[in-house]
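Containing mmCIF, C-alpha atoms: input_4.cif.
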data_structure
#
loop_
_atom_site.label_atom_id
_atom_site.label_comp_id
_atom_site.auth_asym_id
_atom_site.auth_seq_id
_atom_site.Cartn_x
_atom_site.Cartn_y
_atom_site.Cartn_z
CA MET J 1 -77.56 -43.82 89.25
CA PHE J 2 -79.56 -40.89 87.95
CA SER J 3 -77.26 -38.40 89.66
CA ALA J 4 -74.86 -39.10 86.81
CA LEU J 5 -77.49 -37.64 84.51
CA GLY J 6 -78.13 -34.65 86.77
CA ASN J 7 -74.53 -33.52 86.49
CA LEU J 8 -74.72 -33.20 82.71
CA GLN J 9 -75.05 -29.99 80.80
CA PRO J 10 -78.33 -29.68 78.84
CA ARG J 11 -76.54 -30.27 75.54
CA GLN J 12 -74.93 -33.44 76.85
CA LEU J 13 -78.30 -34.64 78.13
CA ALA J 14 -79.70 -34.00 74.67
CA ALA J 15 -76.83 -36.03 73.24
CA GLN J 16 -77.59 -38.97 75.53
CA ILE J 17 -81.28 -38.90 74.63
CA LEU J 18 -80.24 -38.72 70.99
CA ASN J 19 -78.28 -41.95 71.45
CA PHE J 20 -81.40 -43.78 72.60
CA ALA J 21 -83.57 -42.19 69.90
CA LEU J 22 -81.03 -43.28 67.29
CA VAL J 23 -81.13 -46.88 68.50
CA LEU J 24 -84.90 -46.95 68.05
CA SER J 25 -84.99 -45.10 64.75
CA THR J 26 -82.13 -47.13 63.25
CA ALA J 27 -83.89 -50.37 64.16
CA PHE J 28 -87.11 -49.06 62.63
CA MET J 29 -85.39 -47.79 59.47
CA LEU J 30 -83.55 -51.08 59.01
CA TRP J 31 -86.91 -52.84 59.15
CA LYS J 32 -88.37 -50.38 56.64
CA GLY J 33 -85.31 -50.71 54.43
CA LEU J 34 -85.79 -54.47 54.34
CA SER J 35 -89.47 -53.91 53.53
CA VAL J 36 -88.54 -51.70 50.59
CA PHE J 37 -85.91 -54.18 49.41
CA THR J 38 -88.26 -57.17 49.47
CA ASN J 39 -91.31 -55.12 48.45
CA SER J 40 -93.18 -56.71 51.32
CA SER J 41 -95.03 -54.93 54.09
CA SER J 42 -93.73 -57.46 56.59
CA PRO J 43 -90.54 -59.09 55.35
CA ILE J 44 -90.02 -61.23 58.46
CA VAL J 45 -92.89 -63.14 60.05
CA VAL J 46 -93.25 -65.67 62.85
CA VAL J 47 -95.17 -68.92 62.42
CA LEU J 48 -98.07 -68.78 64.86
CA SER J 49 -99.80 -72.12 64.34
CA GLY J 50 -98.93 -75.70 63.59
CA SER J 51 -100.80 -75.85 60.27
CA MET J 52 -97.59 -76.24 58.24
CA GLU J 53 -95.98 -79.01 60.25
CA PRO J 54 -93.64 -80.77 59.77
CA ALA J 55 -92.18 -78.11 57.47
CA PHE J 56 -92.60 -75.19 59.91
CA GLN J 57 -93.15 -75.26 63.65
CA ARG J 58 -94.74 -72.64 65.85
CA GLY J 59 -92.09 -70.01 66.60
CA ASP J 60 -90.08 -70.36 63.38
CA LEU J 61 -88.89 -67.13 61.78
CA LEU J 62 -89.64 -66.81 58.06
CA PHE J 63 -87.97 -64.52 55.50
CA LEU J 64 -90.21 -63.28 52.72
CA TRP J 65 -89.61 -62.07 49.17
CA ASN J 66 -92.38 -60.31 47.32
CA ARG J 67 -90.87 -59.53 43.95
CA GLY J 68 -91.67 -62.81 42.28
CA LYS J 69 -94.79 -62.17 40.23
CA GLU J 70 -95.32 -65.70 38.93
CA THR J 71 -95.92 -67.67 42.11
CA GLN J 72 -95.90 -71.41 41.33
CA VAL J 73 -97.88 -74.28 42.78
CA GLY J 74 -95.94 -75.67 45.73
CA GLU J 75 -94.52 -72.31 46.86
CA ILE J 76 -95.26 -71.32 50.42
CA VAL J 77 -96.82 -67.88 50.68
CA VAL J 78 -97.83 -65.63 53.53
CA TYR J 79 -101.10 -63.80 53.10
CA ASN J 80 -103.51 -61.66 55.06
CA VAL J 81 -107.15 -62.61 55.15
CA ARG J 82 -109.07 -59.65 53.77
CA GLY J 83 -110.32 -57.53 56.63
CA LYS J 84 -108.14 -59.24 59.23
CA ASP J 85 -104.57 -58.54 60.20
CA ILE J 86 -103.54 -62.14 60.82
CA PRO J 87 -100.80 -63.41 58.50
CA ILE J 88 -101.26 -67.03 57.45
CA VAL J 89 -98.46 -69.21 56.11
CA HIS J 90 -99.71 -71.90 53.71
CA ARG J 91 -98.74 -73.63 50.49
CA VAL J 92 -100.14 -72.78 47.03
CA ILE J 93 -102.04 -75.75 45.66
CA ARG J 94 -103.78 -74.17 42.64
CA ARG J 95 -103.24 -71.15 40.49
CA PHE J 96 -105.44 -69.38 37.95
CA GLY J 97 -104.46 -66.64 35.58
CA GLY J 98 -100.90 -65.36 35.53
CA GLY J 99 -99.02 -63.65 32.71
CA SER J 100 -101.10 -60.69 31.65
CA ALA J 101 -104.17 -61.80 33.62
CA PRO J 102 -104.20 -61.18 37.38
CA LEU J 103 -102.86 -64.20 39.24
CA GLN J 104 -105.22 -65.98 41.62
CA LEU J 105 -104.14 -68.60 44.12
CA LEU J 106 -105.70 -71.28 46.28
CA THR J 107 -103.76 -72.29 49.37
CA LYS J 108 -103.80 -75.08 51.97
CA GLY J 109 -101.84 -75.80 55.12
CA ASP J 110 -99.77 -79.00 54.87
CA ASN J 111 -101.09 -80.12 58.24
CA ASN J 112 -104.71 -79.17 57.51
CA ALA J 113 -107.33 -81.52 56.14
CA ALA J 114 -109.13 -78.98 53.99
CA ASP J 115 -107.94 -76.12 51.78
CA ASP J 116 -108.16 -72.50 52.88
CA THR J 117 -111.55 -71.70 51.35
CA GLU J 118 -112.99 -71.71 54.87
CA LEU J 119 -110.35 -69.28 56.07
CA TYR J 120 -110.83 -66.65 53.39
CA ALA J 121 -113.25 -63.75 53.94
CA ARG J 122 -116.93 -64.28 53.21
CA GLY J 123 -117.48 -64.35 49.48
CA GLN J 124 -113.76 -64.77 48.77
CA SER J 125 -112.75 -68.10 47.22
CA TYR J 126 -109.22 -67.32 46.10
CA LEU J 127 -106.27 -65.07 46.85
CA ASP J 128 -105.28 -62.19 44.64
CA ARG J 129 -101.48 -62.38 44.25
CA SER J 130 -100.97 -58.65 44.05
CA LYS J 131 -103.40 -57.61 46.77
CA ASP J 132 -103.53 -60.32 49.44
CA VAL J 133 -100.12 -61.94 49.42
CA ILE J 134 -97.38 -60.43 51.56
CA GLY J 135 -94.63 -62.55 50.05
CA SER J 136 -93.21 -66.01 49.38
CA VAL J 137 -91.05 -67.76 51.91
CA VAL J 138 -87.42 -67.88 50.78
CA GLY J 139 -85.73 -68.92 54.01
CA TYR J 140 -86.31 -69.62 57.66
CA VAL J 141 -84.66 -69.85 61.07
CA PRO J 142 -86.22 -72.36 63.46
CA PHE J 143 -87.50 -71.43 66.91
CA VAL J 144 -85.95 -67.93 67.09
CA GLY J 145 -89.32 -66.27 66.61
CA TYR J 146 -90.73 -67.68 69.83
CA VAL J 147 -89.67 -64.44 71.55
CA THR J 148 -92.21 -62.55 69.42
CA ILE J 149 -94.95 -64.98 70.43
CA LEU J 150 -94.08 -64.41 74.08
CA LEU J 151 -94.07 -60.65 73.57
CA SER J 152 -97.53 -60.71 72.03
CA GLU J 153 -98.98 -63.09 74.63
CA TYR J 154 -97.48 -61.15 77.53
CA PRO J 155 -97.57 -57.48 76.45
CA TRP J 156 -95.97 -56.25 79.67
CA LEU J 157 -92.77 -57.93 78.43
CA LYS J 158 -92.59 -55.39 75.61
CA THR J 159 -92.77 -52.44 78.01
CA ALA J 160 -90.24 -54.04 80.32
CA MET J 161 -87.78 -54.70 77.49
CA LEU J 162 -88.12 -51.19 76.09
CA GLY J 163 -87.71 -49.63 79.52
CA PHE J 164 -84.62 -51.68 80.22
CA MET J 165 -83.09 -50.76 76.87
CA ALA J 166 -83.81 -47.07 77.44
CA LEU J 167 -82.14 -47.18 80.83
CA THR J 168 -78.96 -48.85 79.64
CA VAL J 169 -78.46 -46.66 76.60
CA VAL J 170 -79.15 -43.32 78.26
CA LEU J 171 -77.06 -44.06 81.35
CA GLN J 172 -74.04 -45.53 79.65
CA ARG J 173 -71.56 -43.21 78.02
CA GLU J 174 -69.07 -45.36 76.19
CA MET Y 1 -67.77 -32.67 91.68
CA GLY Y 2 -65.87 -34.88 94.08
CA ASP Y 3 -68.93 -36.57 95.48
CA THR Y 4 -69.90 -38.92 92.69
CA LYS Y 5 -68.21 -42.25 93.02
CA ILE Y 6 -67.32 -44.19 89.92
CA SER Y 7 -65.77 -47.54 89.29
CA PRO Y 8 -62.01 -47.04 89.13
CA HIS Y 9 -61.69 -50.15 86.99
CA SER Y 10 -63.75 -48.82 84.13
CA LEU Y 11 -61.60 -46.85 81.71
CA ALA Y 12 -64.69 -45.35 80.08
CA GLU Y 13 -66.02 -44.00 83.37
CA LEU Y 14 -62.60 -42.61 84.33
CA LYS Y 15 -62.30 -40.81 81.02
CA ASN Y 16 -65.88 -39.52 80.99
CA THR Y 17 -65.71 -38.23 84.55
CA THR Y 18 -62.40 -36.52 83.83
CA ASP Y 19 -63.75 -35.03 80.58
CA ASP Y 20 -66.77 -33.65 82.42
CA ALA Y 21 -64.57 -32.22 85.17
CA LEU Y 22 -62.34 -30.60 82.56
CA GLY Y 23 -65.31 -28.89 80.97
CA ASN Y 24 -66.65 -27.70 84.31
CA TYR Y 25 -63.23 -26.41 85.36
CA LEU Y 26 -62.61 -24.48 82.17
CA ARG Y 27 -66.10 -23.02 82.15
CA GLY Y 28 -65.50 -21.97 85.76
CA LEU Y 29 -62.36 -20.16 84.61
CA LYS Y 30 -64.54 -18.15 82.27
CA PHE Y 31 -63.57 -19.92 79.07
CA GLU Y 32 -66.46 -19.28 76.72
CA GLN Y 33 -67.35 -22.70 75.35
CA ASP Y 34 -67.82 -22.99 71.62
CA ASN Y 35 -70.63 -25.45 71.06
CA THR Y 36 -70.63 -25.57 67.26
CA ARG Y 37 -69.30 -29.10 66.88
CA LEU Y 38 -71.76 -30.53 69.39
CA ASP Y 39 -74.61 -28.52 67.88
CA VAL Y 40 -73.87 -29.86 64.40
CA ARG Y 41 -73.83 -33.40 65.76
CA LEU Y 42 -77.16 -32.84 67.52
CA ALA Y 43 -78.65 -31.25 64.41
CA ILE Y 44 -77.67 -34.13 62.12
CA GLY Y 45 -78.75 -36.72 64.67
CA TYR Y 46 -82.14 -35.23 65.45
CA ALA Y 47 -82.84 -34.57 61.76
CA SER Y 48 -82.49 -38.28 61.07
CA VAL Y 49 -84.68 -39.12 64.08
CA VAL Y 50 -87.34 -36.74 62.75
CA ILE Y 51 -87.26 -38.48 59.37
CA ALA Y 52 -87.68 -41.85 61.06
CA ALA Y 53 -90.55 -40.53 63.17
CA ALA Y 54 -92.28 -39.07 60.11
CA THR Y 55 -91.93 -42.38 58.28
CA PHE Y 56 -93.38 -44.21 61.27
CA ALA Y 57 -96.33 -41.81 61.47
CA ALA Y 58 -97.05 -42.03 57.74
CA ASP Y 59 -96.86 -45.81 57.79
CA TYR Y 60 -99.10 -46.02 60.85
CA LYS Y 61 -101.74 -43.74 59.34
CA LEU Y 62 -101.70 -44.69 55.67
CA GLY Y 63 -100.43 -48.27 55.60
CA TRP Y 64 -97.69 -49.90 53.54
CA GLU Y 65 -98.96 -49.65 49.96
CA ALA Y 66 -99.67 -45.93 50.02
CA THR Y 67 -96.36 -44.97 51.61
CA LYS Y 68 -94.00 -47.29 49.72
CA THR Y 69 -92.26 -44.61 47.68
CA TRP Y 70 -91.94 -42.15 50.55
CA THR Y 71 -90.52 -44.94 52.75
CA ALA Y 72 -87.90 -45.78 50.12
CA VAL Y 73 -86.86 -42.13 49.91
CA ALA Y 74 -86.83 -41.83 53.70
CA VAL Y 75 -84.66 -44.91 54.13
CA VAL Y 76 -82.06 -43.52 51.73
CA ALA Y 77 -82.14 -40.10 53.39
CA TYR Y 78 -81.79 -41.71 56.80
CA ALA Y 79 -78.83 -43.78 55.67
CA LEU Y 80 -77.10 -40.68 54.28
CA LEU Y 81 -77.73 -38.65 57.43
CA ASN Y 82 -76.51 -41.47 59.64
CA GLY Y 83 -73.40 -41.75 57.52
CA ALA Y 84 -72.81 -38.02 57.91
CA PHE Y 85 -73.41 -38.35 61.65
CA THR Y 86 -70.88 -41.16 62.02
CA TYR Y 87 -68.38 -39.28 59.87
CA TRP Y 88 -68.82 -36.14 61.96
CA MET Y 89 -68.27 -38.05 65.18
CA TRP Y 90 -65.21 -39.82 63.82
CA ALA Y 91 -63.44 -37.18 61.77
CA VAL Y 92 -64.38 -33.80 63.16
CA GLU Y 93 -64.98 -34.41 66.82
CA LYS Y 94 -62.01 -36.74 67.09
CA GLY Y 95 -62.06 -36.96 70.86
CA CYS Y 96 -62.56 -33.23 71.33
CA VAL Y 97 -64.01 -32.55 74.75
CA PHE Y 98 -63.78 -28.79 74.93
CA THR Y 99 -63.39 -25.85 72.58
CA GLY Y 100 -63.45 -22.37 73.99
CA VAL Y 101 -62.14 -18.85 73.96
CA ARG Y 102 -60.76 -16.75 76.77
CA GLU Y 103 -59.31 -13.29 76.37
CA GLY Y 104 -59.00 -13.76 72.65
CA ASN Y 105 -57.09 -17.02 73.00
CA LYS Y 106 -58.89 -19.97 71.47
CA ILE Y 107 -58.10 -23.42 72.81
CA SER Y 108 -59.24 -26.83 71.76
CA VAL Y 109 -58.87 -29.85 74.02
CA ALA Y 110 -59.08 -33.47 72.86
CA SER Y 111 -58.74 -36.44 75.16
CA LYS Y 112 -58.14 -40.10 74.56
CA THR Y 113 -57.30 -43.26 76.36
CA LYS Y 114 -55.63 -46.46 75.22
CA LYS Y 115 -56.98 -49.88 75.99
CA HIS Y 116 -55.85 -51.32 79.32
CA ASP Y 117 -53.73 -48.23 79.95
CA PRO Y 118 -54.95 -46.10 82.89
CA THR Y 119 -53.45 -42.91 81.49
CA TYR Y 120 -55.19 -39.76 80.36
CA TYR Y 121 -53.85 -38.41 77.07
CA LEU Y 122 -54.74 -34.80 76.43
CA THR Y 123 -53.97 -32.82 73.29
CA ILE Y 124 -54.35 -29.09 73.63
CA SER Y 125 -54.25 -26.79 70.62
CA SER Y 126 -53.98 -23.17 71.52
CA ALA Y 127 -54.13 -20.22 69.18
CA ASN Y 128 -51.27 -18.57 71.03
CA SER Y 129 -48.93 -21.43 71.66
CA GLY Y 130 -49.63 -24.20 69.13
CA SER Y 131 -50.41 -27.78 69.97
CA LYS Y 132 -49.03 -29.99 72.67
CA GLN Y 133 -49.83 -33.32 74.24
CA ILE Y 134 -49.76 -33.93 77.97
CA THR Y 135 -50.41 -37.15 79.79
CA ALA Y 136 -50.95 -38.21 83.36
CA PRO Y 137 -52.13 -41.40 85.04
CA PHE Y 138 -55.70 -41.30 86.28
CA THR Y 139 -54.43 -42.05 89.76
CA THR Y 140 -53.24 -38.45 89.94
CA TRP Y 141 -56.81 -37.26 90.62
CA PHE Y 142 -58.78 -40.40 91.45
CA THR Y 143 -58.71 -42.11 94.81
CA ALA Y 144 -58.35 -45.88 94.94
CA ASP Y 145 -62.06 -46.34 95.53
CA GLY Y 146 -63.14 -44.08 92.69
CA TYR Y 147 -63.66 -40.58 94.06
CA PHE Y 148 -62.56 -37.69 91.89
CA VAL Y 149 -60.45 -35.07 93.62
CA ALA Y 150 -60.45 -31.72 91.86
CA LYS Y 151 -57.29 -30.06 93.23
CA PRO Y 152 -54.56 -32.28 91.76
CA PHE Y 153 -56.42 -32.34 88.44
CA GLN Y 154 -56.60 -28.56 88.29
CA GLN Y 155 -52.98 -28.22 89.34
CA TRP Y 156 -51.86 -30.60 86.63
CA LEU Y 157 -53.83 -28.70 84.00
CA ALA Y 158 -52.86 -25.23 85.12
CA SER Y 159 -49.18 -26.03 85.41
CA SER Y 160 -48.95 -27.94 82.12
CA VAL Y 161 -50.99 -25.68 79.88
CA GLU Y 162 -50.03 -22.05 79.39
CA ALA Y 163 -53.52 -20.81 78.59
CA ILE Y 164 -55.10 -22.47 81.60
CA GLY Y 165 -52.29 -21.40 83.89
CA ASN Y 166 -52.81 -17.82 82.83
CA ALA Y 167 -56.44 -18.07 83.80
CA ASP Y 168 -55.88 -19.84 87.09
CA SER Y 169 -52.76 -18.54 88.74
CA LYS Y 170 -53.44 -20.19 92.07
CA ASN Y 171 -53.17 -23.67 90.63
CA ALA Y 172 -50.52 -22.81 88.11
CA LEU Y 173 -47.74 -23.21 90.63
CA ARG Y 174 -45.76 -20.75 88.57
CA ASP Y 175 -43.40 -20.00 91.41
CA GLN Y 176 -42.32 -23.60 91.66
CA ARG Y 177 -41.97 -23.88 87.91
CA ASP Y 178 -39.82 -20.80 87.64
CA GLU Y 179 -37.76 -21.89 90.59
CA ILE Y 180 -36.94 -25.20 89.00
CA ALA Y 181 -36.14 -23.48 85.72
CA SER Y 182 -33.67 -21.02 87.09
CA PRO Y 183 -33.08 -20.98 90.82
CA SER Y 184 -32.87 -17.45 92.11
CA PRO Y 185 -29.59 -16.60 93.77
CA GLU Y 186 -29.90 -15.57 97.35
CA VAL Y 187 -28.18 -12.23 97.14
CA GLU Y 188 -26.86 -10.53 100.21
CA LEU Y 189 -25.18 -7.25 99.95
CA THR Y 190 -22.16 -7.58 102.12
CA PRO Y 191 -20.65 -4.37 103.34
CA GLN Y 192 -17.63 -4.42 101.05
CA GLY Y 193 -16.02 -1.32 99.93
CA ASN Y 194 -16.10 -2.02 96.18
CA GLY Y 195 -19.85 -2.26 96.08
CA THR Y 196 -19.93 -5.66 94.51
CA ALA Y 197 -22.58 -8.12 95.58
CA ASP Y 198 -21.54 -11.50 96.79
CA ALA Y 199 -23.93 -14.08 95.37
CA SER Y 200 -24.15 -17.16 97.48
CA GLY Y 201 -26.89 -19.70 97.52
CA THR Y 202 -26.88 -20.57 101.12
CA ASP Y 203 -28.36 -17.60 102.87
CA GLY Y 204 -31.50 -18.47 104.72
CA LYS Y 205 -33.66 -15.58 103.56
CA ALA Y 206 -37.43 -16.22 103.64
CA LYS Y 207 -38.32 -17.90 100.41
CA GLY Y 208 -41.47 -15.91 99.88
CA SER Y 209 -40.24 -12.36 99.73
CA LYS Y 210 -37.64 -12.60 96.97
CA ARG Y 211 -40.04 -14.45 94.69
CA SER Y 212 -42.94 -12.17 95.05
CA LYS Y 213 -40.66 -9.29 94.19
CA ARG Y 214 -39.51 -11.02 91.03
CA LYS Y 215 -43.01 -12.01 89.86
CA GLY Y 216 -44.19 -8.45 90.16
#
Before anything else, please render the file you have as structure tokens.
Amino acid sequence: MFSALGNLQPRQLAAQILNFALVLSTAFMLWKGLSVFTNSSSPIVVVLSGSMEPAFQRGDLLFLWNRGKETQVGEIVVYNVRGKDIPIVHRVIRRFGGGSAPLQLLTKGDNNAADDTELYARGQSYLDRSKDVIGSVVGYVPFVGYVTILLSEYPWLKTAMLGFMALTVVLQRE
Amino acid sequence: MGDTKISPHSLAELKNTTDDALGNYLRGLKFEQDNTRLDVRLAIGYASVVIAAATFAADYKLGWEATKTWTAVAVVAYALLNGAFTYWMWAVEKGCVFTGVREGNKISVASKTKKHDPTYYLTISSANSGSKQITAPFTTWFTADGYFVAKPFQQWLASSVEAIGNADSKNALRDQRDEIASPSPEVELTPQGNGTADASGTDGKAKGSKRSKRKG
């Protein structure tokens, strides 16, 4: 299988490696392009817990939009707890400020008994719309995101997938 | 070259193996390969990869907020470069598999195949003798189980293309070509008083000698 590669001139080998590099960089740039378009650092997230059932199940894929400055009560937002890198998907139940004053939000999971005050960082009792919120949910696809959950729970899957992709792209010459 | 086995059912593999063999053959005949078109493609491609890598590094180190503007610029630049890359591949390369010069004669070879058609279409543009298209079925140089055989491929090329035939006289089969074009009369000088030669085509003179005299 690799003998096919050995017969190539160095320039052709460089061209094959370029093909693989372009697959990776195009995927990455598409992701970044979507980030720029939605103004969100993570425009597509996966639901990790069941705290928003029955609206969202674990493994649902959510599409975010971060250009709406006046988030309303009842909107579902994704935010990062200050100091942690875990995105949480919950509904806005109270808002303070807005307009010229900085907007502050209180959130709660539909399936949770209490609001998110316990979840926020120590000393934090509300979310800052501009700093903490990654975006509001504008659409979703059920179940598709379960692959991401598998990839994060079994990290060797990531390496295996990447290795397999690399092999197929570099060895095929269509 | 004849040792790698490919799948004779895959048109892509047939074409790619033949393209590679063509390049090897011509380089072996001392055609100096002109790599400009491939170099431009590599340059555009790797430039866009570098931009993507730089964006990734900046984002990893500095986070989203700090790098937002740079990322937007990079995405646009990447899209433009990729567009240029695709355009280059489509318009300029256009199936070209070899461009080279030999003894002042520049040739450019482009190959293509048509879906479900096991034929190799080759377009050769030569500085000396213009452009022509030659075709042959892949079965001419591939065995039924997928081995590439160099000899019939080289013979087909050398006898169909002037520039290649000039470089590789052994495979050019020029004698056979000239013979078909204008069969040489087998002349025997019969001892007639008026000195005229009696041209008849049936004398069994050795085929080799007359021809080598004519080729000079």
task: May I have the residues of chain J within 7 Å of chain Y, counting all atoms listed in the file, written as a PyMOL selection string?
output: chain J and resi 15+18+21-22+25+29+33+36+41+174
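Neighbouring residues of Ala166 (chain J) at 12 Å or closer, counting all atoms listed in the file and skipping chain neighbours under 3 positions away, are Gln16, Ile17, Leu18, Asn19, Phe20, Ala21, Leu22, Val23, Leu24, Thr159, Ala160, Met161, Leu162, Gly163, Val169, Val170, Leu171 and Gln172 of chain J.
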task: Would you mind listing what lies within 10 Å of Lys170 (chain Y) as number ranges by chain, with all atoms listed in the file counted and same-chain residues fewer than 5 positions away left out?
output: Y: 154-155, 158-159, 165
task: Write out as JSON, numbers by chain which residues come within 10 Å of region 121-124 of chain J when counting all atoms listed in the file, dropping same-chain ones fewer than 3 positions away.
output: {"J": [81, 82, 83, 84, 117, 118, 127, 128]}
query: Which polymer residues have any atom within 12 Å of an atom of Ile93 (chain J), counting only C-alpha atoms, with same-chain residues fewer than 6 positions away left out, as an MDAnalysis selection string?
result: chainID J and resid 71:77 104:110 114:117 126:127
message: Which residues would end up in the selection if the PyMOL selection byres ((chain Y and resi 85) around 9) were applied here, given that I need the answer as a ChimeraX atom specification?
response: /Y:40-42,44-45,80-84,86-90
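One distance worth recording is that between CA of Thr18 (chain Y) and CA of Ser111 (chain Y), which is 9.4 Å.
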- request: Taking the file above as input, evaluate the PyMOL selection byres ((chain Y and resi 143) around 12) and report the hits as number ranges by chain.
  value: Y: 2-9, 14, 137-142, 144-150, 152-153
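Interatomic distance, CA of Val45 (chain J) against CA of Trp156 (chain J): 21.0 Å.
For the choices J:Ser136, J:Pro43, J:Ser125, J:Leu48, the atom-to-atom distance to Val92 (chain J) is smallest for J:Ser136 when using only C-alpha atoms.
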field: Nearby residues (all atoms listed in the file) at most 8 Å from Val101 (chain Y), same-chain spacing under 4 positions excluded, as a PyMOL selection string
entry: chain Y and resi 31-34+105-107
task: Let me know the residues the PyMOL selection byres ((chain J and resi 52) around 7) catches in the file above, as a ChimeraX atom specification.
output: /J:50-51,53-56,90,109-111
Those residues you just picked out, can you put them in a file as a compact mmCIF listing (two decimals), in the coordinates of the input with C-alpha atoms?
# COMPACT_ATOMS: atom_id res chain seq x y z
CA GLY J 50 -98.93 -75.70 63.59
CA SER J 51 -100.80 -75.85 60.27
CA GLU J 53 -95.98 -79.01 60.25
CA PRO J 54 -93.64 -80.77 59.77
CA ALA J 55 -92.18 -78.11 57.47
CA PHE J 56 -92.60 -75.19 59.91
CA HIS J 90 -99.71 -71.90 53.71
CA GLY J 109 -101.84 -75.80 55.12
CA ASP J 110 -99.77 -79.00 54.87
CA ASN J 111 -101.09 -80.12 58.24
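Picture a line from CA of Leu150 (chain J) to CA of Phe63 (chain J); it runs 19.6 Å.
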How big is the axis-aligned box, and where does its centre sit, when it encloses all atoms of region 140-149 of chain J listed in the file and has 5 Å added on every side, reported in Å to one decimal as JSON?
{"center_x": -89.8, "center_y": -67.5, "center_z": 64.6, "size_x": 20.3, "size_y": 19.8, "size_z": 23.9}
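Residue nearest Lys32 (chain J) within the list Y:Phe98, Y:Trp70, Y:Tyr121, Y:Tyr25: Y:Trp70 [criterion: smallest interatomic distance, all atoms listed in the file].
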Kindly extract all protein, DNA and RNA residues lying within 12 Å of the coordinates (-55.4, -19.7, 88.7) given in the file, considering only C-alpha atoms, and supply them as a PDB file with C-alpha atoms, in the frame of the given file.
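Below is the file selection_24.pdb, written as the result:
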ATOM      1  CA  TYR Y  25     -63.230 -26.410  85.360  1.00  0.00           C
ATOM      2  CA  LEU Y  26     -62.610 -24.480  82.170  1.00  0.00           C
ATOM      3  CA  GLY Y  28     -65.500 -21.970  85.760  1.00  0.00           C
ATOM      4  CA  LEU Y  29     -62.360 -20.160  84.610  1.00  0.00           C
ATOM      5  CA  LYS Y  30     -64.540 -18.150  82.270  1.00  0.00           C
ATOM      6  CA  LYS Y 151     -57.290 -30.060  93.230  1.00  0.00           C
ATOM      7  CA  GLN Y 154     -56.600 -28.560  88.290  1.00  0.00           C
ATOM      8  CA  GLN Y 155     -52.980 -28.220  89.340  1.00  0.00           C
ATOM      9  CA  TRP Y 156     -51.860 -30.600  86.630  1.00  0.00           C
ATOM     10  CA  LEU Y 157     -53.830 -28.700  84.000  1.00  0.00           C
ATOM     11  CA  ALA Y 158     -52.860 -25.230  85.120  1.00  0.00           C
ATOM     12  CA  SER Y 159     -49.180 -26.030  85.410  1.00  0.00           C
ATOM     13  CA  VAL Y 161     -50.990 -25.680  79.880  1.00  0.00           C
ATOM     14  CA  GLU Y 162     -50.030 -22.050  79.390  1.00  0.00           C
ATOM     15  CA  ALA Y 163     -53.520 -20.810  78.590  1.00  0.00           C
ATOM     16  CA  ILE Y 164     -55.100 -22.470  81.600  1.00  0.00           C
ATOM     17  CA  GLY Y 165     -52.290 -21.400  83.890  1.00  0.00           C
ATOM     18  CA  ASN Y 166     -52.810 -17.820  82.830  1.00  0.00           C
ATOM     19  CA  ALA Y 167     -56.440 -18.070  83.800  1.00  0.00           C
ATOM     20  CA  ASP Y 168     -55.880 -19.840  87.090  1.00  0.00           C
ATOM     21  CA  SER Y 169     -52.760 -18.540  88.740  1.00  0.00           C
ATOM     22  CA  LYS Y 170     -53.440 -20.190  92.070  1.00  0.00           C
ATOM     23  CA  ASN Y 171     -53.170 -23.670  90.630  1.00  0.00           C
ATOM     24  CA  ALA Y 172     -50.520 -22.810  88.110  1.00  0.00           C
ATOM     25  CA  LEU Y 173     -47.740 -23.210  90.630  1.00  0.00           C
ATOM     26  CA  ARG Y 174     -45.760 -20.750  88.570  1.00  0.00           C
TER      27      ARG Y 174
END
- prompt: Using only C-alpha atoms, which residue out of Y:Gln176, Y:Lys94, Y:Ser10, Y:Lys61 lies closest to Lys115 (chain Y)?
  reply: Y:Ser10
Please, can region 59-66 of chain J be completed to N, CA and C atoms and returned as an mmCIF file, keeping the file's coordinate frame?
data_model
loop_
_atom_site.group_PDB
_atom_site.id
_atom_site.type_symbol
_atom_site.label_atom_id
_atom_site.label_comp_id
_atom_site.auth_asym_id
_atom_site.auth_seq_id
_atom_site.Cartn_x
_atom_site.Cartn_y
_atom_site.Cartn_z
ATOM 1 N N GLY J 59 -93.264 -70.722 66.095
ATOM 2 C CA GLY J 59 -92.090 -70.010 66.600
ATOM 3 C C GLY J 59 -90.967 -69.883 65.579
ATOM 4 N N ASP J 60 -91.112 -70.504 64.403
ATOM 5 C CA ASP J 60 -90.080 -70.360 63.380
ATOM 6 C C ASP J 60 -90.153 -68.961 62.784
ATOM 7 N N LEU J 61 -88.973 -68.453 62.384
ATOM 8 C CA LEU J 61 -88.890 -67.130 61.780
ATOM 9 C C LEU J 61 -88.783 -67.293 60.275
ATOM 10 N N LEU J 62 -89.647 -66.644 59.512
ATOM 11 C CA LEU J 62 -89.640 -66.810 58.060
ATOM 12 C C LEU J 62 -89.211 -65.527 57.358
ATOM 13 N N PHE J 63 -88.417 -65.674 56.291
ATOM 14 C CA PHE J 63 -87.970 -64.520 55.500
ATOM 15 C C PHE J 63 -88.738 -64.516 54.195
ATOM 16 N N LEU J 64 -89.332 -63.357 53.875
ATOM 17 C CA LEU J 64 -90.210 -63.280 52.720
ATOM 18 C C LEU J 64 -89.592 -62.472 51.587
ATOM 19 N N TRP J 65 -90.040 -62.814 50.356
ATOM 20 C CA TRP J 65 -89.610 -62.070 49.170
ATOM 21 C C TRP J 65 -90.853 -61.846 48.333
ATOM 22 N N ASN J 66 -91.115 -60.595 47.992
ATOM 23 C CA ASN J 66 -92.380 -60.310 47.320
ATOM 24 C C ASN J 66 -92.212 -59.832 45.897
#
